[in-house]
Structure formats: C-alpha cells, structure tokens
Amino acid sequence: MTTTSRQWVVAARPIGRALSEDDFRLETAPVPPVGEGQVKLRTDWLSFDPAQKSWMENIAGYVDPVEIGGLMPGAGLGEVVESHHPGFAPGDLVTGPIGWREMAVLDGAKLAAVPQGVPPTAALGVLGGTGKTAYLAFVEVGKPKPGDTVVISGAAGATGSIVGQIAKLSGCRVIGIAGGADKCAWLVDELGFDGAIDYKAGKIRGGLKQHCPNGIDVFFDNVGGDILNDAMARLAVGARVVICGGISRYNADPRDPEQMPPGPRNYFNVVFTGATIQGFLLPRYEAQFAVANRRLAEWVRSGALRYREDIQAGFENAPQTLMRLFDGRNFGKQLLRVGSA
Ligand SMILES: NC(=O)c1ccc[n+]([C@@H]2O[C@H](COP(=O)([O-])OP(=O)(O)OC[C@H]3O[C@@H](n4cnc5c(N)ncnc54)[C@H](OP(=O)(O)O)[C@@H]3O)[C@@H](O)[C@H]2O)c1
C-alpha cells in the first residue's frame with residue numbers, strides 16, 4: 001500500500017510584493033520507500049523564518065533553488081516512524097529541513113536529535129538556527145564589551161529577544177526597538193532590557209537620543225530602512241553595526257532600483273566614528289555551531305536565557321503562519337503545531 005502525505009508547494013514567486021495565499025498550493029504526494037541511511041518521520045512542528053520568503057523568490061544564493069511546484073522548504077521537528085540509519089530509532093524526536101509536509105523521508109545525516117532536558121520545541125528556536133544566529137552574530141560580529149550600549153531592532157522577535165539577553169549576560173546596557181507597547185513592556189519587564197522604543201508610536205530618533213546619550217556601541221539590525229538610518233546617526237566611536245536581517249525591505253524587488261529603499265543616508269558617520277558595518281549569514285559560521293549550541297543550552301537549562309513561542313495550529317494554516325512574521329503578528333518564535341503533536 002502506498003502511503004501519501006499532504007504537502008505545500010510553491011505556486012508563485014512573491015517578488016516585489018507581500019506574500020499571498022495564492023503563492024502556495026496544498027497537494028497530496030506519495031511518501032517514497034525508506035532507503036539505506038534514511039529515516040521516515042511524521043512532522044509534529046514547523047518553524048518559520050522571514051528568509052523563507054526569499055527562498056521562494058530564488059534570490060537567496062545560499063540555499064538550493066526552489067522550483068515552482070516544488071516542496072515549500074522549511075525547518076521542522078518530527079518523530080521517527082521508521083529508520084534505516086544507525087543513529088535513529090522509531091520514537092526519536094529529530095529536527096531538520098523537513099519542508100512543509102506531514103510525512104517525510106530524509107537522509108539521517110541531515111537530521112539532529114532533539115536535546116534532552118529541554119522542551120522539544122526549543123530545538124527549533126533558542127537551541128536551533130534562531131539561537132545560533134543570535135549568539136554568533138552578536139558575539140562574532142558585534143564583539144561586545146562590558147559596559148557597551150547595545151541597540152537591537154526587531155528586538156521582541158525570536159532572534160532579537162535572544163540577542164538582548166545575551167547582551168545583558170555580557171554586561172552591556174541594552175535598548176530594544178520593537179512594534180507596540182506590549183512587546184516593549186515585555187522586553188523591559190520580563191527580559192530585563194534597560195529600555196525599549198516603540199517604533200510604531202513615532203520617530204525613533206528621539207528615543208535613541210534619550211536612551212543612548214553616549215552613542216551606540218553595537219547596533220544589531222534585523223530591520224534595515226529608516227531604523228538603520230536613525231541608528232547610524234548615533235554611533236559611538238568604534239561602533240560595530242551587525243547586519244543580521246532587513247525585514248523592512250523583504251517585500252521590495254531587488255532587481256528594481258525604484259522599489260528598493262535607499263541605503264542609510266547617515267552612512268558617512270562611519271568615517272567620523274571609525275565604525276564597522278558587517279553582514280552575518282548563519283551557514284558561514286558552521287565551525288562555531290558546537291560552541292554556540294553548548295553555551296545556549298547551558299543558559300536555557302539554568303534559566304538565564306528565556307524565550308517565548310508563538311504557537312499556531314493546523315497544517316492547512318502554514319501559509320498564514322508565515323505571513324504573521326511580516327506584520328509583527330508573531331510574539332516570539334513562530335511555530336506551527338502539525339497534526340496531534
Ligand atoms: N543572517 C542570518 O543568518 C539570519 C538568520 C536568521 C534570521 N535572520 C533575520 O533575523 C530577523 C529576525 O528573524 P526572526 O526569525 O527572529 O523573526 P522575528 O523577529 O521573530 O519576526 C519578525 C519580526 O519583524 C518585525 N517586522 C516585520 N516587518 C517589519 C517592518 N517593516 N519594520 C520593522 N519591523 C518589522 C516584526 O516585529 P515588530 O512587531 O516589532 O514589528 C516581526 O515580529 C529577520 O530579518 C531574519 O531574516 C537572519
């Protein structure tokens with residue numbers, strides 16, 4: 001008997017516009033037999049990242065091209081139901097590049113066991129790519145020193161909220177920029193940020209002046225656009241600007257100069273301050289993954305690092321769940337519970 005599985009495929013490329021439900025199509029496909037070294041799993045959770053939109057657009061050169069009609073890529077967590085790989089047995093929980101499908105057959109080499117002693121979904125967020133991005137981008141590119149003033153955009157998001165806590169653990173003063181009073185209150189009251197600026201409530205320049213009287217030593221950017229520009233105006237001497245994300249530009253067409261937002265008008269401030277601006281891309285830091293995983297796991301187990309999850313439910317809601325990231329409806333790491341997990 002052939003087993004089948006529901007899966008979401010890419011129906012259109014959302015270049016130069018916001019995502020739409022029509023960019024995805026729900027299909028049923030056969031699940032192939034399990035080959036040598038492979039594992040069959042049932043998906044319990046899907047993990048969402050703004051970069052998935054750029055994967056659909058085929059403009060992100062660091063991932064395999066995504067075909068129209070091809071499986072929607074994405075990370076997930078599943079339970080092994082059959083294994084022809086010596087490292088996994090039925091019942092094991094694993095994470096990996098499952099894609100948006102309810103059942104998958106994957107090479108065991110692409111999967112990682114969910115660590116013991118933490119809630120399994122942590123392996124998709126704080127102990128997954130999100131946490132590693134926060135840790136490695138902040139430590140390796142931001143090069144924090146105790147006493148530094150650190151400003152983070154997208155601060156209440158999955159990545160930004162971890163960066164801010166690591167900055168506090170590093171002895172820094174931390175100011176977050178986020179959308180809405182609830183998210184700002186959470187940063188200060190629950191996570192111990194020293195201040196928060198609600199960019200949706202008005203211009204952020206005044207807030208940065210108030211919170212950073214001696215300038216910004218590390219600006220950790222997840223957003224780009226006007227927020228990056230305003231932060232560039234307040235850099236301290238020797239500042240480090242970490243370009244981790246630029247979600248304010250993800251709906252613009254990079255091939256069309258008319259659509260692309262201008263670069264930061266205050267860029268010349270790097271001359272006066274001797275600041276550096278450096279991009280970060282997680283796959284380039286694979287050599288440091290083990291160190292990052294160890295530090296993050298220690299902090300999570302000790303309670304030093306807290307995280308919040310935004311849990312949606314139902315495989316059929318995967319497209320809507322991805323869209324939540326682009327208007328800030330998510331409050332914490334965006335996850336989707338699939339099936340009866
Ligand atoms: N370079 C890398 O290797 C790497 C790896 C992972 C992630 N990233 C980047 O890190 C960033 C955060 O990713 P995440 O997974 O942690 O998502 P997230 O921050 O949990 O969710 C995205 C957040 O972006 C904010 N946002 C959306 N549109 C915005 C706009 N136009 N202007 C300002 N803020 C906006 C929203 O927060 P508000 O409610 O505060 O607006 C939303 O909650 C993304 O830019 C992502 O591409 C980079």
# chains A, B, ... in the order shown; residues from 1 in each chain; ligands from 1
>>> select_by_dssp(residues="region 197-229 of chain A", states="alpha helix (DSSP H)", output="ChimeraX atom specification")
/A:205-211,225-229
>>> residues_around(residues="Phe315 (chain A)", least_positions_apart="5", cutoff="10 Å", atoms="only C-alpha atoms", output="ChimeraX atom specification")
/A:6-8,26,43-46,100-102,321,336-339
>>> write_last_selection(atoms="C-alpha atoms", output="PDB file, in the first residue's frame")
ATOM      1  CA  ARG A   6      -0.129  16.288   2.336  1.00  0.00           C
ATOM      2  CA  GLN A   7       2.431  18.901   1.349  1.00  0.00           C
ATOM      3  CA  TRP A   8       2.529  22.593   0.483  1.00  0.00           C
ATOM      4  CA  LEU A  26      -1.795  22.152  -0.968  1.00  0.00           C
ATOM      5  CA  THR A  43       6.045  16.071  11.246  1.00  0.00           C
ATOM      6  CA  ASP A  44       4.976  17.468  14.609  1.00  0.00           C
ATOM      7  CA  TRP A  45       6.091  21.097  14.311  1.00  0.00           C
ATOM      8  CA  LEU A  46       7.095  23.556  11.605  1.00  0.00           C
ATOM      9  CA  TRP A 100       6.080  21.750   4.623  1.00  0.00           C
ATOM     10  CA  ARG A 101       4.828  18.133   4.569  1.00  0.00           C
ATOM     11  CA  GLU A 102       3.162  15.876   7.077  1.00  0.00           C
ATOM     12  CA  THR A 321       1.538  31.394   9.792  1.00  0.00           C
ATOM     13  CA  LEU A 336       3.028  25.713  13.852  1.00  0.00           C
ATOM     14  CA  ARG A 337       1.764  22.604  15.595  1.00  0.00           C
ATOM     15  CA  VAL A 338       1.066  19.987  12.926  1.00  0.00           C
ATOM     16  CA  GLY A 339      -1.371  17.144  13.477  1.00  0.00           C
TER      17      GLY A 339
END
>>> residues_around(residues="Tyr285 (chain A)", least_positions_apart="4", cutoff="10 Å", atoms="only C-alpha atoms", output="number ranges by chain")
A: 132-133, 136-137, 140, 280-281, 289, 292
>>> residues_around(residues="Arg240 (chain A)", least_positions_apart="2", cutoff="10 Å", atoms="only C-alpha atoms", output="PDB file with C-alpha atoms, in the first residue's frame")
ATOM      1  CA  PHE A 138      26.269  39.132  18.331  1.00  0.00           C
ATOM      2  CA  VAL A 141      30.384  40.317  14.615  1.00  0.00           C
ATOM      3  CA  GLY A 142      29.110  42.578  17.406  1.00  0.00           C
ATOM      4  CA  LYS A 143      32.195  41.853  19.571  1.00  0.00           C
ATOM      5  CA  PRO A 144      30.527  43.101  22.770  1.00  0.00           C
ATOM      6  CA  VAL A 150      23.704  47.722  22.531  1.00  0.00           C
ATOM      7  CA  ILE A 216      25.512  53.176  20.323  1.00  0.00           C
ATOM      8  CA  ASP A 217      28.451  50.763  20.599  1.00  0.00           C
ATOM      9  CA  VAL A 218      26.729  47.793  18.944  1.00  0.00           C
ATOM     10  CA  PHE A 219      23.727  48.139  16.650  1.00  0.00           C
ATOM     11  CA  PHE A 220      22.217  44.718  15.899  1.00  0.00           C
ATOM     12  CA  LEU A 235      27.003  55.564  16.527  1.00  0.00           C
ATOM     13  CA  ALA A 236      29.740  55.845  19.151  1.00  0.00           C
ATOM     14  CA  VAL A 237      33.415  55.854  18.231  1.00  0.00           C
ATOM     15  CA  GLY A 238      34.447  52.327  17.268  1.00  0.00           C
ATOM     16  CA  VAL A 242      25.727  43.925  12.684  1.00  0.00           C
ATOM     17  CA  ILE A 243      23.501  43.428   9.631  1.00  0.00           C
ATOM     18  CA  VAL A 270      31.277  55.559   9.902  1.00  0.00           C
ATOM     19  CA  GLY A 274      35.556  54.577  12.694  1.00  0.00           C
ATOM     20  CA  ALA A 275      32.595  52.214  12.966  1.00  0.00           C
ATOM     21  CA  THR A 276      32.392  48.941  11.057  1.00  0.00           C
ATOM     22  CA  ILE A 277      29.348  47.526   9.281  1.00  0.00           C
ATOM     23  CA  GLN A 278      29.414  43.770   8.765  1.00  0.00           C
TER      24      GLN A 278
END
>>> residues_near_ligand(ligand="ligand 1", cutoff="7 Å", atoms="only C-alpha atoms and all ligand atoms", output="JSON, numbers by chain")
{"A": [48, 49, 50, 51, 129, 130, 133, 154, 155, 156, 157, 158, 159, 160, 177, 178, 179, 180, 222, 223, 244, 245, 246, 247, 248, 280, 281, 282, 283, 325, 326, 327, 328, 329, 330, 331, 332, 333, 334]}
>>> write_last_selection(atoms="N, CA and C atoms", output="compact mmCIF listing (two decimals), in the first residue's frame")
# COMPACT_ATOMS: atom_id res chain seq x y z
N PHE A 48 9.21 28.79 11.49
CA PHE A 48 9.07 29.82 10.45
C PHE A 48 10.15 30.89 10.59
N ASP A 49 10.63 31.36 9.43
CA ASP A 49 11.72 32.34 9.39
C ASP A 49 11.43 33.27 8.22
N PRO A 50 11.62 34.59 8.40
CA PRO A 50 11.36 35.52 7.29
C PRO A 50 12.12 35.16 6.02
N ALA A 51 13.29 34.52 6.16
CA ALA A 51 14.09 34.18 4.98
C ALA A 51 13.36 33.23 4.04
N GLY A 129 18.44 27.27 14.73
CA GLY A 129 19.08 28.31 13.92
C GLY A 129 18.88 29.71 14.50
N THR A 130 17.73 29.93 15.14
CA THR A 130 17.45 31.25 15.71
C THR A 130 18.45 31.60 16.80
N THR A 133 21.99 32.00 15.43
CA THR A 133 22.15 33.29 14.75
C THR A 133 22.37 34.39 15.78
N GLY A 154 13.97 44.90 15.75
CA GLY A 154 13.27 43.62 15.78
C GLY A 154 13.50 42.94 17.12
N ALA A 155 13.58 43.75 18.18
CA ALA A 155 14.08 43.25 19.47
C ALA A 155 13.16 42.26 20.16
N ALA A 156 11.85 42.33 19.90
CA ALA A 156 10.93 41.40 20.56
C ALA A 156 10.73 40.14 19.75
N GLY A 157 11.40 40.04 18.60
CA GLY A 157 11.29 38.84 17.78
C GLY A 157 12.13 37.70 18.35
N ALA A 158 12.05 36.56 17.67
CA ALA A 158 12.75 35.37 18.16
C ALA A 158 14.25 35.62 18.29
N THR A 159 14.84 36.18 17.25
CA THR A 159 16.29 36.41 17.26
C THR A 159 16.64 37.57 18.18
N GLY A 160 15.95 38.71 17.98
CA GLY A 160 16.29 39.92 18.73
C GLY A 160 16.19 39.74 20.23
N ILE A 177 14.30 47.97 20.05
CA ILE A 177 13.33 48.69 19.23
C ILE A 177 12.31 47.65 18.74
N ALA A 178 11.04 47.87 19.05
CA ALA A 178 10.02 46.88 18.67
C ALA A 178 8.70 47.60 18.39
N GLY A 179 7.77 46.86 17.77
CA GLY A 179 6.49 47.45 17.38
C GLY A 179 5.41 47.18 18.41
N GLY A 180 4.99 48.21 19.15
CA GLY A 180 3.86 48.08 20.06
C GLY A 180 4.25 48.11 21.52
N ASN A 222 17.94 43.88 12.54
CA ASN A 222 17.09 42.86 11.91
C ASN A 222 16.13 43.48 10.89
N VAL A 223 16.16 44.81 10.75
CA VAL A 223 15.08 45.51 10.06
C VAL A 223 15.54 46.34 8.85
N CYS A 244 22.09 41.64 10.40
CA CYS A 244 21.61 40.25 10.51
C CYS A 244 20.40 40.06 9.61
N GLY A 245 19.50 41.03 9.58
CA GLY A 245 18.30 40.94 8.74
C GLY A 245 17.88 42.33 8.29
N GLY A 246 16.95 42.37 7.34
CA GLY A 246 16.46 43.65 6.82
C GLY A 246 15.00 43.51 6.44
N ILE A 247 14.17 43.09 7.41
CA ILE A 247 12.79 42.67 7.06
C ILE A 247 11.98 43.81 6.46
N SER A 248 12.35 45.07 6.69
CA SER A 248 11.58 46.17 6.11
C SER A 248 11.73 46.22 4.59
N PHE A 280 26.07 39.24 8.41
CA PHE A 280 26.18 37.91 9.05
C PHE A 280 25.28 36.96 8.31
N LEU A 281 25.77 35.75 8.02
CA LEU A 281 24.93 34.70 7.43
C LEU A 281 25.26 33.39 8.15
N LEU A 282 24.27 32.82 8.80
CA LEU A 282 24.50 31.68 9.70
C LEU A 282 25.30 30.54 9.08
N PRO A 283 24.98 30.07 7.85
CA PRO A 283 25.71 28.90 7.34
C PRO A 283 27.22 29.11 7.27
N LEU A 325 4.87 36.83 10.30
CA LEU A 325 6.17 37.44 10.59
C LEU A 325 6.30 38.82 9.96
N PHE A 326 5.57 39.05 8.88
CA PHE A 326 5.81 40.27 8.08
C PHE A 326 4.94 41.45 8.51
N ASP A 327 4.05 41.23 9.46
CA ASP A 327 3.34 42.39 10.02
C ASP A 327 3.39 42.37 11.54
N GLY A 328 4.31 41.59 12.07
CA GLY A 328 4.54 41.60 13.52
C GLY A 328 3.43 40.96 14.33
N ARG A 329 2.58 40.12 13.69
CA ARG A 329 1.54 39.44 14.48
C ARG A 329 2.18 38.39 15.40
N ASN A 330 3.35 37.88 15.02
CA ASN A 330 4.01 36.91 15.91
C ASN A 330 4.58 37.62 17.12
N PHE A 331 4.45 36.97 18.26
CA PHE A 331 5.06 37.48 19.50
C PHE A 331 5.89 36.34 20.05
N GLY A 332 7.14 36.27 19.61
CA GLY A 332 8.03 35.17 19.96
C GLY A 332 8.32 34.31 18.74
N LYS A 333 9.05 33.23 18.94
CA LYS A 333 9.42 32.33 17.86
C LYS A 333 8.16 31.75 17.21
N GLN A 334 8.03 31.94 15.90
CA GLN A 334 6.82 31.48 15.22
C GLN A 334 6.89 29.99 14.92
>>> closest_atom_pairs(of="region 92-161 of chain A", to="region 61-84 of chain A", cutoff="6 Å", atoms="only C-alpha atoms", output="tab-separated table")
residue	atom	partner	partner_atom	distance
A:Asp92	CA	A:Val80	CA	5.3
A:Leu93	CA	A:Glu79	CA	4.6
A:Val94	CA	A:Gly78	CA	5.6
A:Thr95	CA	A:Leu77	CA	4.3
A:Gly96	CA	A:Ala75	CA	5.5
A:Pro97	CA	A:Ala75	CA	4.4
A:Ile98	CA	A:Gly76	CA	5.5
A:Gly99	CA	A:Pro73	CA	4.2
A:Trp100	CA	A:Met72	CA	5.5
